[in-house]
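Structure, as structure tokens:
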Amino acid sequence: MAASSTIVCFGEMLIDFVPDTAGVSLAESQGFLKAPGGAPANVACSISKLGGSAAFIGKVGKDEFGYMLADILKKNGVNAEGVLFDEHARTALAFVTLKKDGEREFMFYRNPSADMLLKESELKMDLIKKAKIFHYGSISLITEPCRSAHMAAMKAAKQAGVLLSYDPNVRLPLWPSAEAARQGIKSIWNEADFIKVSDDEVEFLTQKSPDNEEAIKSLWHDGLKLLVVTDGEKGCRYYTKASLSFKGKVPGYAVKAIDTTGAGDSFVGSLLVSMAKDTSIFTDEAKLKQALAFSNACGAICTTKKGAIPALPTVSDAQALMSGSK
């Protein structure tokens, strides 16, 4: 295993435009708040805010928004030496509608955006090979040249003994079709050591109910060390290698959710911090449950504020929620 404890997050960073009023459509919205986003970047900031060591690798436009995003990474203590600026393409934008319950709908501007144009030759391979964990999503798999860069980065990390972490983060509007999304997401499924999926994603990928144990077992592969299914405010379920007998639920925390953006990223970032500190959580159920309860608290806190990165909790925020809930 690599000696460093750095978690390298790979993929897209973009600007989310969030309506200043919840529960209105994009057309009805009078104004939008500019919020930095992109799941892998959110995860990197989450890690750093919780005291972990994070780096981000990805491409933004050589424009005001791109510079702003690189600056936000640095301000959040994330190593941004793997960030590239594209001369010819803009930073990606997403307009996000917040429905009354804080759930979201997306409208993307990426034709093509800078993150899609990352090339294998531009990767900071030394950073990837020295990581403890390499974390990625599936949006970077949708188009070339970024897909090839993603595959090369994953392969280099795996060969260097780095743990591979995968949160597919299904965003259907970005894929040519639902079937293309299913195939693309599953094309790298068996490479990962750790996978986190939401209950909705289980339903999408298996086309069965997320409560169906057989559906979840169909997502297991022999190389996996841990599979976590997040169930929103209900908490999460976990499955580990011990012949799938080591499985259980960890309840969530009740909060007043106003925006679920970034909650899953906050959850993942927190769990990766626990993993980087102590990989025995894969085999020690008590430690794993503790780590997952902490991740549930981090995810819950993130839903109580608008935007992703500004809403990410600190360790003391999460501990306060956990101790107040006992």
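Residues in the structure tokens are named by chain (A, B, ... in the order shown) and by number from 1 within that chain; ligands are numbered from 1 in the order shown.
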Do you know which residues are at most 8 Å from Ile139 (chain A) counting only C-alpha atoms, after dropping those on the same chain fewer than 4 positions away, and could you put them as an MDAnalysis selection string?
chainID A and resid 11:12 168:171 174
Can you pull out the residues contacting Gly232 (chain A)? Cut-off 10 Å, using only C-alpha atoms, and skip same-chain residues under 2 positions away; I want them as number ranges by chain.
A: 198-200, 229-230, 234-236, 251-253, 260, 263-264, 296, 299-300
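Remark: for Pro173 (chain A), the closest of the candidate residues A:Lys217, A:Arg110, A:Lys62, A:His135 is A:Arg110 (distances computed over only C-alpha atoms).
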Any idea what's packed within 12 Å of Val202 (chain A), counting only C-alpha atoms, ignoring anything in its chain fewer than 4 positions away? Could you give it as a PyMOL selection string?
chain A and resi 167-170+182+185-186+195-198+206-220+227-231+237
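Excluding Pro145 (chain A) and any residue on its chain fewer than 3 positions from it, the residues at most 12 Å away by only C-alpha atoms are Lys59, Pro112, Ser113, Ala114, Asp115, Met116, Leu117, Leu118, Lys119, Glu120, Ser121, Glu122, Leu123, Ser140, Leu141, Ile142, Ser148, Ala149, His150, Met151 and Ala152 of chain A.
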Identify all residues of region 93-326 of chain A in strand (DSSP E) (DSSP on the backbone) and supply them as a PyMOL selection string.
chain A and resi 93-98+104-109+133-136+163-166+194-198+226-230+235-240+247-251
Take the selection from the previous step and output its residues with C-alpha atoms, as a compact mmCIF listing (two decimals), in the first residue's frame.
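Everything below was put into again-v3.txt:
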# COMPACT_ATOMS: atom_id res chain seq x y z
CA LEU A 93 -22.62 24.95 -15.55
CA ALA A 94 -25.65 23.24 -14.02
CA PHE A 95 -28.94 24.91 -13.21
CA VAL A 96 -30.48 23.08 -10.29
CA THR A 97 -34.17 23.23 -9.32
CA LEU A 98 -34.95 22.70 -5.66
CA ARG A 104 -33.22 18.40 -7.17
CA GLU A 105 -33.62 18.50 -10.93
CA PHE A 106 -30.69 19.44 -13.19
CA MET A 107 -30.24 21.30 -16.45
CA PHE A 108 -26.65 21.14 -17.72
CA TYR A 109 -24.56 23.38 -19.98
CA ILE A 133 -7.36 6.27 -2.03
CA PHE A 134 -8.34 7.25 -5.58
CA HIS A 135 -11.98 8.38 -5.76
CA TYR A 136 -14.09 8.97 -8.89
CA LEU A 163 -7.63 1.77 -2.95
CA LEU A 164 -10.27 2.55 -5.60
CA SER A 165 -13.43 4.33 -4.45
CA TYR A 166 -16.46 4.72 -6.76
CA PHE A 194 -15.38 0.49 -2.30
CA ILE A 195 -18.69 1.51 -3.92
CA LYS A 196 -21.36 3.84 -2.57
CA VAL A 197 -24.77 3.93 -4.26
CA SER A 198 -28.02 5.60 -3.28
CA LEU A 226 -17.32 -2.58 1.06
CA LEU A 227 -20.62 -1.70 -0.62
CA VAL A 228 -22.73 1.02 1.00
CA VAL A 229 -26.31 1.84 0.00
CA THR A 230 -27.53 5.23 1.25
CA GLY A 235 -29.45 6.19 7.03
CA CYS A 236 -27.50 3.51 5.17
CA ARG A 237 -26.94 -0.22 4.68
CA TYR A 238 -23.54 -1.85 4.39
CA TYR A 239 -22.26 -5.08 2.87
CA THR A 240 -18.72 -6.37 3.30
CA LYS A 247 -24.18 -6.59 6.69
CA GLY A 248 -26.45 -4.25 8.56
CA LYS A 249 -28.09 -0.84 8.80
CA VAL A 250 -26.99 2.36 10.48
CA PRO A 251 -29.85 4.81 11.17
Members of region 77-284 of chain A assigned alpha helix (DSSP H) by DSSP, as JSON, numbers by chain:
{"A": [125, 126, 127, 128, 129, 146, 147, 148, 149, 150, 151, 152, 153, 154, 155, 156, 157, 158, 159, 178, 179, 180, 181, 182, 183, 184, 185, 186, 199, 200, 201, 202, 203, 204, 205, 206, 213, 214, 215, 216, 217, 263, 264, 265, 266, 267, 268, 269, 270, 271, 272, 273, 274, 275, 276, 277]}
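Restricting the calculation to only C-alpha atoms, the smallest distance between Ser48 (chain A) and any of A:Thr304, A:Ser4, A:Ser280, A:Asn79 is found for A:Asn79.
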Name the residues in contact with Val78 (chain A) at a cut-off of 8 Å, using only C-alpha atoms, excluding same-chain residues fewer than 2 positions from it; report them as a list in words.
Ala44, Cys45, Ser48, Ser53, Ala54, Ala55, Phe56, Leu73, Lys74, Lys75, Asn76 and Ala80 of chain A
What would the file look like if the residues just selected were written as a PDB file, in the first residue's frame with N, CA, C and O atoms?
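Heads up, here's the output in again.pdb:
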ATOM      1  N   ALA A  44     -13.725  16.089  -2.312  1.00  0.00           N
ATOM      2  CA  ALA A  44     -12.394  16.573  -1.919  1.00  0.00           C
ATOM      3  C   ALA A  44     -12.497  17.632  -0.824  1.00  0.00           C
ATOM      4  O   ALA A  44     -11.764  17.598   0.164  1.00  0.00           O
ATOM      5  N   CYS A  45     -13.442  18.562  -0.993  1.00  0.00           N
ATOM      6  CA  CYS A  45     -13.620  19.622   0.016  1.00  0.00           C
ATOM      7  C   CYS A  45     -14.157  19.054   1.329  1.00  0.00           C
ATOM      8  O   CYS A  45     -13.768  19.499   2.409  1.00  0.00           O
ATOM      9  N   SER A  48     -11.215  17.485   3.210  1.00  0.00           N
ATOM     10  CA  SER A  48     -10.341  18.508   3.776  1.00  0.00           C
ATOM     11  C   SER A  48     -10.985  19.194   4.984  1.00  0.00           C
ATOM     12  O   SER A  48     -10.338  19.434   6.002  1.00  0.00           O
ATOM     13  N   SER A  53      -6.586  14.615   4.192  1.00  0.00           N
ATOM     14  CA  SER A  53      -5.712  15.181   3.154  1.00  0.00           C
ATOM     15  C   SER A  53      -6.307  14.849   1.779  1.00  0.00           C
ATOM     16  O   SER A  53      -6.475  13.678   1.448  1.00  0.00           O
ATOM     17  N   ALA A  54      -6.659  15.896   1.013  1.00  0.00           N
ATOM     18  CA  ALA A  54      -7.331  15.683  -0.274  1.00  0.00           C
ATOM     19  C   ALA A  54      -6.645  16.428  -1.399  1.00  0.00           C
ATOM     20  O   ALA A  54      -6.103  17.520  -1.207  1.00  0.00           O
ATOM     21  N   ALA A  55      -6.695  15.815  -2.594  1.00  0.00           N
ATOM     22  CA  ALA A  55      -6.224  16.476  -3.819  1.00  0.00           C
ATOM     23  C   ALA A  55      -7.308  16.279  -4.876  1.00  0.00           C
ATOM     24  O   ALA A  55      -8.055  15.304  -4.832  1.00  0.00           O
ATOM     25  N   PHE A  56      -7.401  17.230  -5.800  1.00  0.00           N
ATOM     26  CA  PHE A  56      -8.382  17.126  -6.881  1.00  0.00           C
ATOM     27  C   PHE A  56      -7.672  17.151  -8.224  1.00  0.00           C
ATOM     28  O   PHE A  56      -6.745  17.945  -8.433  1.00  0.00           O
ATOM     29  N   LEU A  73     -11.101  25.429  -4.152  1.00  0.00           N
ATOM     30  CA  LEU A  73     -10.388  24.224  -3.712  1.00  0.00           C
ATOM     31  C   LEU A  73      -9.269  24.611  -2.745  1.00  0.00           C
ATOM     32  O   LEU A  73      -9.146  24.047  -1.656  1.00  0.00           O
ATOM     33  N   LYS A  74      -8.470  25.602  -3.162  1.00  0.00           N
ATOM     34  CA  LYS A  74      -7.332  26.013  -2.324  1.00  0.00           C
ATOM     35  C   LYS A  74      -7.802  26.557  -0.977  1.00  0.00           C
ATOM     36  O   LYS A  74      -7.240  26.237   0.065  1.00  0.00           O
ATOM     37  N   LYS A  75      -8.854  27.394  -1.018  1.00  0.00           N
ATOM     38  CA  LYS A  75      -9.392  27.960   0.235  1.00  0.00           C
ATOM     39  C   LYS A  75      -9.895  26.880   1.179  1.00  0.00           C
ATOM     40  O   LYS A  75      -9.905  27.048   2.388  1.00  0.00           O
ATOM     41  N   ASN A  76     -10.352  25.765   0.584  1.00  0.00           N
ATOM     42  CA  ASN A  76     -10.835  24.649   1.399  1.00  0.00           C
ATOM     43  C   ASN A  76      -9.735  23.651   1.755  1.00  0.00           C
ATOM     44  O   ASN A  76     -10.006  22.573   2.258  1.00  0.00           O
ATOM     45  N   ALA A  80      -4.553  21.498  -5.236  1.00  0.00           N
ATOM     46  CA  ALA A  80      -5.127  21.755  -6.567  1.00  0.00           C
ATOM     47  C   ALA A  80      -4.073  21.695  -7.669  1.00  0.00           C
ATOM     48  O   ALA A  80      -4.280  22.207  -8.763  1.00  0.00           O
TER      49      ALA A  80
END
